[in-house]
>>> print(open('upload-v3.cif').read())   # mmCIF, C-alpha atoms and all ligand atoms
data_entry
loop_
_atom_site.label_atom_id
_atom_site.label_comp_id
_atom_site.auth_asym_id
_atom_site.auth_seq_id
_atom_site.Cartn_x
_atom_site.Cartn_y
_atom_site.Cartn_z
CA MET X 1110 9.62 2.69 -4.64
CA ASN X 1111 10.44 1.10 -8.02
CA VAL X 1112 13.31 2.85 -9.76
CA LEU X 1113 14.47 2.91 -13.36
CA LEU X 1114 18.05 4.00 -13.86
CA VAL X 1115 18.90 5.12 -17.38
CA GLY X 1116 22.49 4.64 -18.57
CA SER X 1117 25.26 2.06 -18.64
CA GLY X 1118 28.47 3.55 -17.27
CA GLY X 1119 30.51 3.46 -14.07
CA ARG X 1120 28.50 6.43 -12.83
CA GLU X 1121 25.29 4.46 -13.21
CA HIS X 1122 26.77 1.38 -11.50
CA ALA X 1123 27.79 3.59 -8.55
CA LEU X 1124 24.29 5.13 -8.45
CA ALA X 1125 22.74 1.66 -8.56
CA TRP X 1126 25.04 0.42 -5.80
CA ARG X 1127 24.09 3.33 -3.56
CA ILE X 1128 20.36 3.23 -4.35
CA ALA X 1129 20.31 -0.51 -3.65
CA GLN X 1130 21.19 0.32 -0.02
CA SER X 1131 18.10 2.48 0.43
CA PRO X 1132 15.30 1.19 2.65
CA ARG X 1133 12.89 2.91 0.24
CA LEU X 1134 13.89 0.82 -2.76
CA GLY X 1135 11.40 -1.67 -4.14
CA GLU X 1136 12.60 -2.97 -7.52
CA LEU X 1137 15.64 -1.63 -9.31
CA HIS X 1138 15.50 -1.58 -13.11
CA ALA X 1139 18.12 -0.27 -15.50
CA ALA X 1140 18.15 0.56 -19.21
CA PRO X 1141 20.38 -0.59 -20.68
CA GLY X 1142 22.55 -1.09 -17.55
CA ASN X 1143 25.69 -3.23 -17.57
CA PRO X 1144 26.88 -6.54 -16.07
CA GLY X 1145 27.75 -4.81 -12.77
CA ILE X 1146 24.31 -3.23 -12.47
CA ALA X 1147 22.77 -6.59 -13.37
CA THR X 1148 23.99 -7.95 -10.01
CA LEU X 1149 21.82 -5.32 -8.27
CA GLY X 1150 18.69 -5.16 -10.42
CA THR X 1151 17.05 -6.06 -13.71
CA CYS X 1152 18.62 -4.73 -16.91
CA HIS X 1153 16.46 -4.08 -19.96
CA PRO X 1154 18.07 -3.89 -23.41
CA LEU X 1155 16.74 -0.42 -24.28
CA ARG X 1156 18.75 2.53 -25.44
CA ALA X 1157 18.94 5.62 -23.22
CA ASP X 1158 17.57 7.75 -26.09
CA ASP X 1159 14.59 5.52 -26.86
CA ALA X 1160 12.03 7.62 -24.99
CA GLU X 1161 8.98 5.70 -26.23
CA SER X 1162 10.27 2.33 -25.08
CA LEU X 1163 11.44 3.73 -21.78
CA ARG X 1164 7.97 5.17 -21.18
CA ASP X 1165 6.40 1.79 -21.96
CA LEU X 1166 8.82 0.07 -19.61
CA CYS X 1167 7.85 2.49 -16.84
CA ARG X 1168 4.23 1.37 -17.26
CA GLU X 1169 5.07 -2.33 -17.50
CA VAL X 1170 7.11 -2.53 -14.31
CA ALA X 1171 5.30 0.26 -12.40
CA VAL X 1172 8.26 2.63 -12.09
CA ASP X 1173 7.86 5.37 -9.47
CA LEU X 1174 11.06 7.28 -10.24
CA VAL X 1175 13.37 7.47 -13.24
CA ILE X 1176 16.96 8.58 -12.65
CA VAL X 1177 18.72 9.65 -15.85
CA GLY X 1178 22.51 9.23 -15.88
CA PRO X 1179 23.84 10.67 -19.17
CA GLU X 1180 23.37 14.14 -20.65
CA ALA X 1181 22.37 13.33 -24.24
CA PRO X 1182 18.88 11.97 -23.46
CA LEU X 1183 18.23 14.89 -21.09
CA VAL X 1184 19.23 17.46 -23.69
CA ALA X 1185 16.99 15.59 -26.16
CA GLY X 1186 13.99 15.90 -23.81
CA LEU X 1187 13.70 12.46 -22.17
CA ALA X 1188 12.67 13.95 -18.80
CA ASP X 1189 9.91 16.04 -20.44
CA HIS X 1190 8.62 13.02 -22.31
CA LEU X 1191 8.43 10.84 -19.21
CA ARG X 1192 6.91 13.59 -17.06
CA HIS X 1193 4.20 14.13 -19.65
CA ALA X 1194 3.44 10.45 -19.25
CA GLY X 1195 3.06 10.99 -15.50
CA VAL X 1196 6.37 9.49 -14.33
CA ALA X 1197 8.55 11.27 -11.74
CA VAL X 1198 12.05 11.92 -13.08
CA PHE X 1199 15.33 13.00 -11.48
CA GLY X 1200 16.84 15.03 -14.31
CA PRO X 1201 16.18 18.39 -15.94
CA SER X 1202 13.85 19.30 -18.79
CA ALA X 1203 15.38 19.88 -22.23
CA ASP X 1204 15.09 23.65 -21.67
CA ALA X 1205 17.02 23.52 -18.38
CA ALA X 1206 19.52 20.93 -19.71
CA ARG X 1207 20.68 23.57 -22.22
CA ILE X 1208 22.94 24.71 -19.39
CA GLU X 1209 25.11 21.77 -20.55
CA GLY X 1210 23.83 21.38 -24.11
CA SER X 1211 24.82 24.88 -25.26
CA LYS X 1212 27.92 26.66 -24.05
CA SER X 1213 26.65 30.02 -25.33
CA PHE X 1214 23.38 29.53 -23.41
CA ALA X 1215 25.39 28.70 -20.26
CA LYS X 1216 27.39 31.90 -20.73
CA GLU X 1217 24.23 33.94 -21.18
CA ILE X 1218 22.76 32.52 -17.96
CA MET X 1219 25.98 33.13 -16.03
CA LEU X 1220 26.16 36.70 -17.24
CA ALA X 1221 22.54 37.34 -16.24
CA ALA X 1222 23.05 35.61 -12.86
CA GLY X 1223 26.35 37.34 -12.07
CA VAL X 1224 28.29 34.08 -11.88
CA PRO X 1225 32.05 34.38 -12.52
CA THR X 1226 33.21 32.59 -15.65
CA ALA X 1227 35.90 32.86 -18.31
CA ARG X 1228 35.56 36.02 -20.40
CA GLU X 1229 34.42 35.50 -23.96
CA LEU X 1230 36.92 36.85 -26.52
CA SER X 1231 35.91 38.52 -29.73
CA GLU X 1232 39.03 37.29 -31.56
CA PRO X 1233 40.54 33.80 -31.44
CA ARG X 1234 44.06 34.73 -30.34
CA ALA X 1235 46.41 32.65 -28.14
CA PRO X 1236 46.32 32.04 -25.27
CA CYS X 1237 42.65 31.09 -25.45
CA VAL X 1238 40.23 28.20 -25.35
CA VAL X 1239 38.19 27.29 -28.43
CA LYS X 1240 34.93 25.45 -27.79
CA ALA X 1241 32.27 23.92 -29.98
CA ASP X 1242 28.94 25.22 -28.70
CA GLY X 1243 27.01 21.93 -28.48
CA LEU X 1244 27.48 18.53 -26.82
CA ALA X 1245 30.72 16.88 -27.95
CA ALA X 1246 31.39 14.24 -25.27
CA GLY X 1247 34.46 16.10 -24.05
CA LYS X 1248 35.95 16.38 -27.54
CA GLY X 1249 34.82 19.93 -28.35
CA VAL X 1250 37.26 21.92 -26.20
CA PHE X 1251 40.71 23.00 -27.39
CA VAL X 1252 43.12 24.70 -25.01
CA CYS X 1253 45.42 26.82 -27.20
CA ARG X 1254 48.68 28.30 -25.97
CA SER X 1255 50.05 29.21 -29.39
CA GLU X 1256 48.69 30.67 -32.65
CA GLU X 1257 49.45 27.31 -34.32
CA GLU X 1258 47.17 25.60 -31.83
CA VAL X 1259 44.44 28.18 -32.48
CA ALA X 1260 44.77 27.63 -36.22
CA ALA X 1261 44.45 23.87 -35.72
CA ALA X 1262 41.58 24.14 -33.22
CA LEU X 1263 39.22 26.42 -35.17
CA PRO X 1264 38.46 24.04 -38.06
CA ARG X 1265 38.15 21.09 -35.68
CA ALA X 1266 35.68 22.97 -33.49
CA ARG X 1267 33.73 24.16 -36.55
CA ALA X 1268 33.66 20.63 -37.93
CA LEU X 1269 31.56 19.62 -34.91
CA GLY X 1270 28.81 21.87 -36.24
CA GLY X 1271 27.11 24.84 -34.66
CA ARG X 1272 28.71 27.93 -33.20
CA VAL X 1273 32.26 28.23 -31.90
CA VAL X 1274 32.92 30.00 -28.57
CA VAL X 1275 36.34 31.47 -27.78
CA GLU X 1276 37.25 32.38 -24.22
CA GLU X 1277 40.18 33.39 -22.09
CA LEU X 1278 42.50 30.62 -20.88
CA LEU X 1279 42.27 30.26 -17.12
CA GLU X 1280 45.00 28.78 -14.93
CA GLY X 1281 44.49 27.07 -11.59
CA SER X 1282 43.12 23.91 -10.00
CA GLU X 1283 39.95 22.31 -11.31
CA VAL X 1284 37.15 21.21 -9.01
CA SER X 1285 33.92 19.38 -9.77
CA LEU X 1286 31.11 20.52 -7.50
CA PHE X 1287 27.70 18.79 -7.61
CA ALA X 1288 24.42 19.91 -6.11
CA VAL X 1289 21.13 18.04 -5.99
CA CYS X 1290 18.63 20.67 -7.13
CA ALA X 1291 14.92 21.31 -7.12
CA ASP X 1292 13.93 24.67 -8.58
CA GLU X 1293 15.77 27.20 -6.40
CA ASP X 1294 16.90 24.73 -3.72
CA ALA X 1295 20.34 23.11 -3.83
CA LEU X 1296 21.94 20.46 -1.64
CA THR X 1297 25.75 20.52 -1.81
CA LEU X 1298 27.63 17.27 -2.31
CA ALA X 1299 31.30 16.78 -1.43
CA PRO X 1300 33.67 18.31 -4.00
CA ALA X 1301 35.84 16.02 -6.11
CA GLN X 1302 38.62 16.32 -8.62
CA ASP X 1303 38.69 14.60 -11.98
CA PHE X 1304 41.81 13.51 -13.90
CA LYS X 1305 40.92 14.30 -17.50
CA ARG X 1306 44.12 13.52 -19.38
CA LEU X 1307 45.00 9.98 -20.35
CA GLY X 1308 48.52 9.87 -18.96
CA ASP X 1309 50.40 10.45 -15.72
CA GLY X 1310 51.43 14.04 -15.11
CA ASP X 1311 48.45 15.24 -17.19
CA GLU X 1312 50.08 14.13 -20.42
CA GLY X 1313 48.26 12.85 -23.48
CA PRO X 1314 44.79 13.46 -24.88
CA ASN X 1315 41.68 14.53 -22.99
CA THR X 1316 39.37 11.70 -21.95
CA GLY X 1317 36.02 11.35 -20.23
CA GLY X 1318 38.00 11.13 -16.97
CA MET X 1319 40.65 8.68 -15.77
CA GLY X 1320 40.28 8.99 -12.00
CA SER X 1321 38.91 11.07 -9.16
CA TYR X 1322 39.12 11.61 -5.45
CA SER X 1323 37.28 13.31 -2.61
CA PRO X 1324 37.60 15.22 -0.26
CA LEU X 1325 39.94 17.89 -1.62
CA PRO X 1326 42.63 19.67 0.38
CA LEU X 1327 41.75 22.88 -1.50
CA VAL X 1328 38.01 23.04 -0.82
CA ASP X 1329 36.55 22.11 2.56
CA GLU X 1330 32.86 21.66 3.33
CA GLU X 1331 32.31 25.31 4.20
CA GLU X 1332 34.02 26.50 1.02
CA ALA X 1333 31.99 24.07 -1.05
CA GLU X 1334 28.83 25.51 0.49
CA ALA X 1335 29.99 29.05 -0.30
CA LEU X 1336 30.70 28.04 -3.91
CA VAL X 1337 27.23 26.59 -4.34
CA GLU X 1338 25.83 29.84 -2.93
CA ALA X 1339 27.88 31.88 -5.41
CA VAL X 1340 27.52 29.65 -8.45
CA HIS X 1341 24.68 27.10 -8.38
CA ARG X 1342 21.94 29.04 -6.59
CA PRO X 1343 22.12 32.17 -8.79
CA VAL X 1344 21.94 29.94 -11.87
CA LEU X 1345 18.94 28.09 -10.42
CA ARG X 1346 17.19 31.39 -9.70
CA GLU X 1347 17.90 32.67 -13.21
CA LEU X 1348 16.58 29.48 -14.82
CA ALA X 1349 13.46 29.60 -12.61
CA ARG X 1350 12.95 33.28 -13.46
CA ARG X 1351 12.93 32.37 -17.16
CA GLY X 1352 10.23 29.79 -16.55
CA THR X 1353 12.59 26.83 -17.07
CA PRO X 1354 13.41 25.68 -13.52
CA PHE X 1355 16.20 23.13 -13.11
CA GLN X 1356 15.49 19.91 -11.31
CA GLY X 1357 18.21 17.28 -11.12
CA LEU X 1358 21.96 17.32 -10.60
CA LEU X 1359 23.74 20.56 -11.42
CA TYR X 1360 27.47 19.98 -11.84
CA ALA X 1361 29.79 22.98 -11.97
CA GLY X 1362 33.27 22.48 -13.38
CA LEU X 1363 35.25 25.22 -11.63
CA MET X 1364 38.72 26.63 -12.03
CA LEU X 1365 40.13 28.02 -8.78
CA THR X 1366 42.22 30.88 -10.14
CA GLU X 1367 44.41 33.34 -8.28
CA THR X 1368 41.62 35.90 -8.56
CA GLY X 1369 38.85 33.60 -7.40
CA PRO X 1370 36.72 30.74 -8.70
CA ARG X 1371 35.47 30.76 -12.31
CA VAL X 1372 33.01 28.38 -13.96
CA LEU X 1373 34.44 26.39 -16.88
CA GLU X 1374 31.26 24.52 -17.64
CA PHE X 1375 28.00 23.25 -16.28
CA ASN X 1376 26.75 19.72 -16.67
CA CYS X 1377 23.16 18.70 -16.09
CA ARG X 1378 23.94 15.27 -14.58
CA PHE X 1379 26.33 13.42 -12.28
CA GLY X 1380 29.97 13.38 -13.43
CA ASP X 1381 31.85 10.23 -14.28
CA PRO X 1382 34.18 9.23 -12.55
CA GLU X 1383 33.62 11.81 -9.76
CA THR X 1384 30.37 10.07 -8.75
CA GLN X 1385 32.29 6.86 -8.01
CA ALA X 1386 34.39 8.77 -5.40
CA ILE X 1387 31.58 10.95 -4.01
CA LEU X 1388 28.84 8.37 -3.41
CA PRO X 1389 30.86 5.98 -1.21
CA ARG X 1390 31.50 8.93 1.18
CA LEU X 1391 27.89 10.05 1.20
CA GLU X 1392 25.89 9.89 4.43
CA GLY X 1393 22.12 9.78 4.17
CA ASP X 1394 19.59 8.28 1.82
CA LEU X 1395 20.53 9.19 -1.75
CA LEU X 1396 17.37 7.67 -3.20
CA GLY X 1397 15.21 9.67 -0.76
CA ALA X 1398 17.02 12.88 -1.79
CA LEU X 1399 16.67 12.22 -5.53
CA ALA X 1400 12.98 11.35 -5.11
CA ALA X 1401 12.44 14.55 -3.09
CA ALA X 1402 14.15 16.62 -5.79
CA ALA X 1403 12.01 14.95 -8.45
CA SER X 1404 8.89 15.90 -6.48
CA GLY X 1405 10.07 19.53 -6.44
CA SER X 1406 11.13 20.09 -2.82
CA LEU X 1407 14.25 19.34 -0.80
CA ALA X 1408 12.68 20.38 2.51
CA GLY X 1409 13.95 18.20 5.35
CA VAL X 1410 16.46 16.36 3.16
CA ASP X 1411 20.02 16.08 4.40
CA LEU X 1412 23.01 14.54 2.64
CA GLY X 1413 26.34 14.75 4.40
CA ALA X 1414 29.78 13.39 3.61
CA GLY X 1415 31.60 11.05 5.97
CA PRO X 1416 35.14 11.76 7.17
CA ASP X 1417 36.80 9.07 5.04
CA ALA X 1418 38.50 9.70 1.72
CA ALA X 1419 37.76 7.93 -1.55
CA VAL X 1420 40.03 7.47 -4.56
CA THR X 1421 38.80 6.13 -7.91
CA VAL X 1422 40.98 4.81 -10.72
CA VAL X 1423 39.56 4.15 -14.19
CA LEU X 1424 40.85 1.21 -16.23
CA ALA X 1425 40.47 1.97 -19.92
CA ALA X 1426 40.77 -0.22 -22.99
CA ALA X 1427 43.79 -0.31 -25.28
CA GLY X 1428 43.37 2.41 -27.89
CA TYR X 1429 41.18 4.64 -25.67
CA PRO X 1430 40.18 7.44 -26.24
CA ASP X 1431 40.48 7.37 -30.06
CA ALA X 1432 39.75 3.76 -30.98
CA PRO X 1433 39.16 1.54 -27.96
CA GLU X 1434 39.60 -2.18 -28.53
CA THR X 1435 36.76 -4.35 -27.28
CA GLY X 1436 36.38 -8.04 -26.53
CA ALA X 1437 39.34 -8.39 -24.15
CA ARG X 1438 38.77 -11.00 -21.41
CA ILE X 1439 38.69 -9.35 -17.95
CA GLY X 1440 40.02 -11.17 -14.88
CA GLY X 1441 40.74 -10.42 -11.24
CA ILE X 1442 37.63 -8.49 -10.20
CA GLU X 1443 36.98 -10.75 -7.22
CA ALA X 1444 40.60 -10.42 -6.10
CA ALA X 1445 40.27 -6.62 -6.37
CA GLU X 1446 37.11 -6.73 -4.27
CA ALA X 1447 38.91 -8.93 -1.75
CA GLU X 1448 41.32 -5.98 -1.29
CA GLY X 1449 38.29 -4.08 0.02
CA ALA X 1450 37.70 -2.02 -3.13
CA LEU X 1451 34.48 -1.32 -5.00
CA VAL X 1452 34.66 -2.33 -8.65
CA PHE X 1453 32.18 -0.44 -10.85
CA HIS X 1454 31.53 -1.67 -14.37
CA ALA X 1455 31.45 0.77 -17.30
CA GLY X 1456 32.35 -0.71 -20.70
CA THR X 1457 31.90 -4.41 -19.97
CA ALA X 1458 29.76 -7.16 -21.46
CA LEU X 1459 29.15 -10.85 -20.86
CA ARG X 1460 30.06 -13.05 -23.79
CA ASP X 1461 29.48 -16.81 -23.43
CA GLY X 1462 29.53 -16.37 -19.67
CA ALA X 1463 32.87 -14.52 -19.68
CA LEU X 1464 33.31 -10.85 -18.84
CA VAL X 1465 34.88 -8.88 -21.69
CA SER X 1466 35.61 -5.23 -22.44
CA ALA X 1467 32.94 -3.45 -24.48
CA GLY X 1468 33.82 0.23 -24.35
CA GLY X 1469 36.50 2.86 -23.78
CA ARG X 1470 36.38 3.14 -20.03
CA VAL X 1471 36.01 -0.46 -18.89
CA LEU X 1472 35.98 -0.42 -15.08
CA SER X 1473 36.42 2.05 -12.29
CA VAL X 1474 37.81 0.96 -8.96
CA THR X 1475 37.21 2.91 -5.73
CA ALA X 1476 38.77 2.50 -2.31
CA VAL X 1477 37.66 4.27 0.86
CA ALA X 1478 40.03 4.80 3.79
CA PRO X 1479 40.61 7.30 6.61
CA SER X 1480 43.14 9.26 4.51
CA VAL X 1481 43.61 10.01 0.81
CA GLY X 1482 47.02 8.31 1.03
CA GLY X 1483 45.48 5.17 2.52
CA ALA X 1484 42.72 5.10 -0.09
CA ARG X 1485 45.33 5.54 -2.84
CA GLU X 1486 47.40 2.61 -1.61
CA GLN X 1487 44.35 0.43 -1.30
CA VAL X 1488 42.91 1.33 -4.68
CA TYR X 1489 46.18 0.55 -6.48
CA ARG X 1490 46.52 -2.79 -4.66
CA ALA X 1491 43.06 -3.61 -6.01
CA VAL X 1492 43.77 -2.27 -9.52
CA ASP X 1493 46.90 -4.46 -9.66
CA GLN X 1494 44.66 -7.53 -9.29
CA ILE X 1495 42.67 -6.71 -12.41
CA GLU X 1496 43.89 -7.95 -15.74
CA PHE X 1497 42.88 -7.47 -19.33
CA PRO X 1498 45.12 -7.09 -22.38
CA GLY X 1499 46.16 -3.50 -23.06
CA ALA X 1500 44.55 -2.02 -19.92
CA GLN X 1501 45.51 1.65 -19.46
CA TYR X 1502 45.29 3.50 -16.19
CA ARG X 1503 46.96 6.38 -14.43
CA ARG X 1504 49.35 5.77 -11.57
CA ASP X 1505 49.16 9.30 -10.17
CA VAL X 1506 45.49 9.74 -9.25
CA ALA X 1507 45.25 11.84 -6.06
CA LEU X 1508 49.03 11.84 -5.68
CA GLY X 1509 49.14 15.66 -5.44
CA ALA X 1510 46.54 15.56 -2.65
CA VAL X 1511 48.66 13.15 -0.66
CA HIS X 1512 51.59 15.55 -0.94
CA ALA X 1513 49.37 18.52 -0.06
CA THR X 1514 48.10 16.91 3.14
CA ALA X 1515 51.39 15.23 4.17
P1 LIG L 1 34.61 22.03 -20.61
O1 LIG L 1 33.93 20.91 -21.38
O2 LIG L 1 34.18 23.38 -21.01
O3 LIG L 1 34.68 21.81 -19.13
O4 LIG L 1 36.14 21.88 -20.98
C1 LIG L 1 36.85 20.69 -20.77
C2 LIG L 1 38.16 20.97 -20.12
O5 LIG L 1 38.88 21.97 -20.86
C3 LIG L 1 38.03 21.57 -18.73
O6 LIG L 1 37.83 20.61 -17.78
C4 LIG L 1 39.37 22.28 -18.59
O7 LIG L 1 40.40 21.38 -18.29
C5 LIG L 1 39.59 22.82 -19.98
N1 LIG L 1 39.06 24.18 -20.09
C6 LIG L 1 37.82 24.56 -20.49
N2 LIG L 1 37.69 25.91 -20.47
C7 LIG L 1 38.86 26.40 -20.05
C8 LIG L 1 39.35 27.73 -19.81
N3 LIG L 1 38.62 28.81 -20.04
N4 LIG L 1 40.62 27.85 -19.38
C9 LIG L 1 41.40 26.76 -19.17
N5 LIG L 1 40.99 25.50 -19.37
C10 LIG L 1 39.74 25.30 -19.81
N1 LIG L 2 34.20 13.73 -15.45
C1 LIG L 2 33.72 14.70 -16.35
C2 LIG L 2 32.33 14.56 -16.73
O1 LIG L 2 31.60 13.73 -16.24
O2 LIG L 2 31.88 15.35 -17.56
#
>>> encode(input="upload-v3.cif", output="structure tokens")
Amino acid sequence: MNVLLVGSGGREHALAWRIAQSPRLGELHAAPGNPGIATLGTCHPLRADDAESLRDLCREVAVDLVIVGPEAPLVAGLADHLRHAGVAVFGPSADAARIEGSKSFAKEIMLAAGVPTARELSEPRAPCVVKADGLAAGKGVFVCRSEEEVAAALPRARALGGRVVVEELLEGSEVSLFAVCADEDALTLAPAQDFKRLGDGDEGPNTGGMGSYSPLPLVDEEEAEALVEAVHRPVLRELARRGTPFQGLLYAGLMLTETGPRVLEFNCRFGDPETQAILPRLEGDLLGALAAAASGSLAGVDLGAGPDAAVTVVLAAAGYPDAPETGARIGGIEAAEAEGALVFHAGTALRDGALVSAGGRVLSVTAVAPSVGGAREQVYRAVDQIEFPGAQYRRDVALGAVHATA
């Protein structure tokens, strides 16, 4: 099977790494890919939102399956476009991707499906959360604990365009739970936790995600299965009932509150950097599962998680998330790999044969070991080998889990 992977981040490198292990893989192509993915397949310099060129590429290199990494092209209808051209795609239609593309649509679906979520408030009054309705790459959500914060958040949310949603502020632990979905069928993947703030101790601004780990002391396999039954499957049924079935990866961002789990958001694609911690633990043929989902049935497909733990640490550029500096020379990747870690590229580029930074999140490093503590030690030994000027990373990824299981 020839595969085209759309995207260029650490998530896509991890997907490429895992797909490259599949006995079903013929050729691996990526658009645009990155220097890490280029060691596993052929990268084509096409943008993820250039649907016409991607369709032409599918014809040129006889692609059997397209796997779409990021949300923006899905929300814009890339999967519909390619399917119309007769190409199988892992990723939802534009109609189904609204579950991520519009927060008010997601709320409407959850209400209809009876899925627990944060209550919408009629008045923006602290404590509350102010959200821009549309896609905002993680920058459209403002957690407000005071009236001053509400007053500052409202114009910023409005400035992003579209509606503004205000909801109750929930307290608890956050969990990312992914399911591979085909219409009403869902296959549960191992839960992971994401570290969204830039600094240790959850200080500093929100980011795309600075680290992740799996499994979680809070949610075992059985509980994850029960959550997918309570959250993902009702949403899938509701979308199917409306004539817009979901096919692809449904990601629920959950808050485990004292009164039970609540959905914070849905995403219509794999999370980054959770994917980099989930896929190394995965047992079974990921490519086979994604191809089965794309063909509309998960019958006979099994994806388990191994007993080992994985911890992922993101190395970000100086100035991230506001104004990341690019062009910094990166060294030490081989030494990090020699520590037994997986180094996934995200914002990197080759310039005159040298690897340099080319984006906000530059690399993500994953270690797998029998315990979370062991994986943590190993991942930081590897991270310490990597050098580029101004590199920022958190020192406390998965630290709480080590304490919880000690
Ligand atoms: P979202 O894009 O909706 O997931 O929001 C991004 C982040 O904002 C989440 O991962 C949470 O950390 C936080 N957040 C969103 N909604 C809420 C809420 N209702 N209560 C508390 N925190 C929230
Ligand atoms: N790690 C959060 C996301 O992928 O949206």
>>> closest_residue(input="upload-v3.cif", among="X:Leu1279, X:Leu1412, X:Cys1167, X:Leu1286", to="ligand LIG 2 (chain L)", atoms="only C-alpha atoms and all ligand atoms")
X:Leu1286
>>> axis_aligned_box(input="upload-v3.cif", around="ligand LIG 1 (chain L)", padding_each_side="8 Å", output="JSON")
{"center_x": 37.7, "center_y": 24.7, "center_z": -19.6, "size_x": 23.5, "size_y": 24.2, "size_z": 19.6}
>>> closest_residue(input="upload-v3.cif", among="X:Ser1231, X:Asn1376, X:Ser1117, X:Ser1213", to="ligand LIG 2 (chain L)", atoms="only C-alpha atoms and all ligand atoms")
X:Asn1376
>>> atom_distance(input="upload-v3.cif", atom1="CA of Asp1505 (chain X)", atom2="CA of Pro1430 (chain X)")
18.5 Å
>>> atom_distance(input="upload-v3.cif", atom1="CA of Asp1461 (chain X)", atom2="CA of Asn1143 (chain X)")
15.3 Å
>>> closest_residue(input="upload-v3.cif", among="X:Asp1173, X:Ala1260, X:Ser1323, X:Asp1158", to="Ala1185 (chain X)", atoms="all atoms listed in the file")
X:Asp1158
>>> closest_residue(input="upload-v3.cif", among="X:Ala1445, X:Leu1187, X:Leu1327, X:Leu1124", to="Pro1201 (chain X)", atoms="all atoms listed in the file")
X:Leu1187
>>> residues_around(input="upload-v3.cif", residues="Arg1164 (chain X)", least_positions_apart="5", cutoff="12 Å", atoms="all atoms listed in the file", output="list in words")
Leu1113, Val1115, Ala1140, Leu1155, Arg1156, Ala1157, Asp1158, Asp1159, Glu1169, Val1170, Ala1171, Val1172, Asp1173, Leu1174, Val1175, Leu1187, Ala1188, Asp1189, His1190, Leu1191, Arg1192, His1193, Ala1194, Gly1195, Val1196, Ala1197 and Val1198 of chain X
>>> residues_near_ligand(input="upload-v3.cif", ligand="ligand LIG 1 (chain L)", cutoff="6 Å", atoms="only C-alpha atoms and all ligand atoms", output="PyMOL selection string")
chain X and resi 1227+1238+1247+1250+1276-1280+1362+1373-1374
>>> closest_residue(input="upload-v3.cif", among="X:Ala1339, X:Ile1176, X:Ala1301, X:Leu1508", to="ligand LIG 2 (chain L)", atoms="only C-alpha atoms and all ligand atoms")
X:Ala1301
>>> closest_atom_pairs(input="upload-v3.cif", of="chain X", to="ligand LIG 2 (chain L)", cutoff="6 Å", atoms="all atoms listed in the file", output="JSON lines")
{"residue": "X:Asp1303", "atom": "CA", "partner": "L:LIG2", "partner_atom": "N1", "distance": 5.7}
{"residue": "X:Gly1317", "atom": "CA", "partner": "L:LIG2", "partner_atom": "C1", "distance": 5.6}
{"residue": "X:Gly1318", "atom": "CA", "partner": "L:LIG2", "partner_atom": "N1", "distance": 4.8}
{"residue": "X:Gly1380", "atom": "CA", "partner": "L:LIG2", "partner_atom": "O1", "distance": 3.3}
{"residue": "X:Asp1381", "atom": "CA", "partner": "L:LIG2", "partner_atom": "O1", "distance": 4.0}
{"residue": "X:Pro1382", "atom": "CA", "partner": "L:LIG2", "partner_atom": "N1", "distance": 5.4}
>>> closest_residue(input="upload-v3.cif", among="X:Arg1207, X:Arg1350, X:Asp1417, X:Leu1388", to="Phe1287 (chain X)", atoms="all atoms listed in the file")
X:Leu1388
>>> atom_distance(input="upload-v3.cif", atom1="CA of Phe1379 (chain X)", atom2="CA of Val1474 (chain X)")
17.3 Å
>>> residues_around(input="upload-v3.cif", residues="Thr1226 (chain X)", least_positions_apart="3", cutoff="9 Å", atoms="only C-alpha atoms", output="PyMOL selection string")
chain X and resi 1216+1219-1220+1229+1363-1364+1370-1374
>>> residues_around(input="upload-v3.cif", residues="Arg1503 (chain X)", least_positions_apart="2", cutoff="10 Å", atoms="all atoms listed in the file", output="list in words")
Phe1304, Arg1306, Leu1307, Gly1308, Asp1309, Gly1310, Asp1311, Met1319, Gly1320, Val1422, Val1423, Leu1424, Ala1425, Tyr1489, Gln1501, Asp1505 and Val1506 of chain X
>>> write_last_selection(input="upload-v3.cif", atoms="C-alpha atoms", output="mmCIF file, in the coordinates of the input")
data_model
loop_
_atom_site.group_PDB
_atom_site.id
_atom_site.type_symbol
_atom_site.label_atom_id
_atom_site.label_comp_id
_atom_site.auth_asym_id
_atom_site.auth_seq_id
_atom_site.Cartn_x
_atom_site.Cartn_y
_atom_site.Cartn_z
ATOM 1 C CA PHE X 1304 41.810 13.510 -13.900
ATOM 2 C CA ARG X 1306 44.120 13.520 -19.380
ATOM 3 C CA LEU X 1307 45.000 9.980 -20.350
ATOM 4 C CA GLY X 1308 48.520 9.870 -18.960
ATOM 5 C CA ASP X 1309 50.400 10.450 -15.720
ATOM 6 C CA GLY X 1310 51.430 14.040 -15.110
ATOM 7 C CA ASP X 1311 48.450 15.240 -17.190
ATOM 8 C CA MET X 1319 40.650 8.680 -15.770
ATOM 9 C CA GLY X 1320 40.280 8.990 -12.000
ATOM 10 C CA VAL X 1422 40.980 4.810 -10.720
ATOM 11 C CA VAL X 1423 39.560 4.150 -14.190
ATOM 12 C CA LEU X 1424 40.850 1.210 -16.230
ATOM 13 C CA ALA X 1425 40.470 1.970 -19.920
ATOM 14 C CA TYR X 1489 46.180 0.550 -6.480
ATOM 15 C CA GLN X 1501 45.510 1.650 -19.460
ATOM 16 C CA ASP X 1505 49.160 9.300 -10.170
ATOM 17 C CA VAL X 1506 45.490 9.740 -9.250
#
>>> residues_near_point(input="upload-v3.cif", point="(48.8, 29.8, -21.8)", cutoff="8 Å", atoms="all atoms listed in the file", output="PyMOL selection string")
chain X and resi 1235-1237+1253-1255+1278+1280
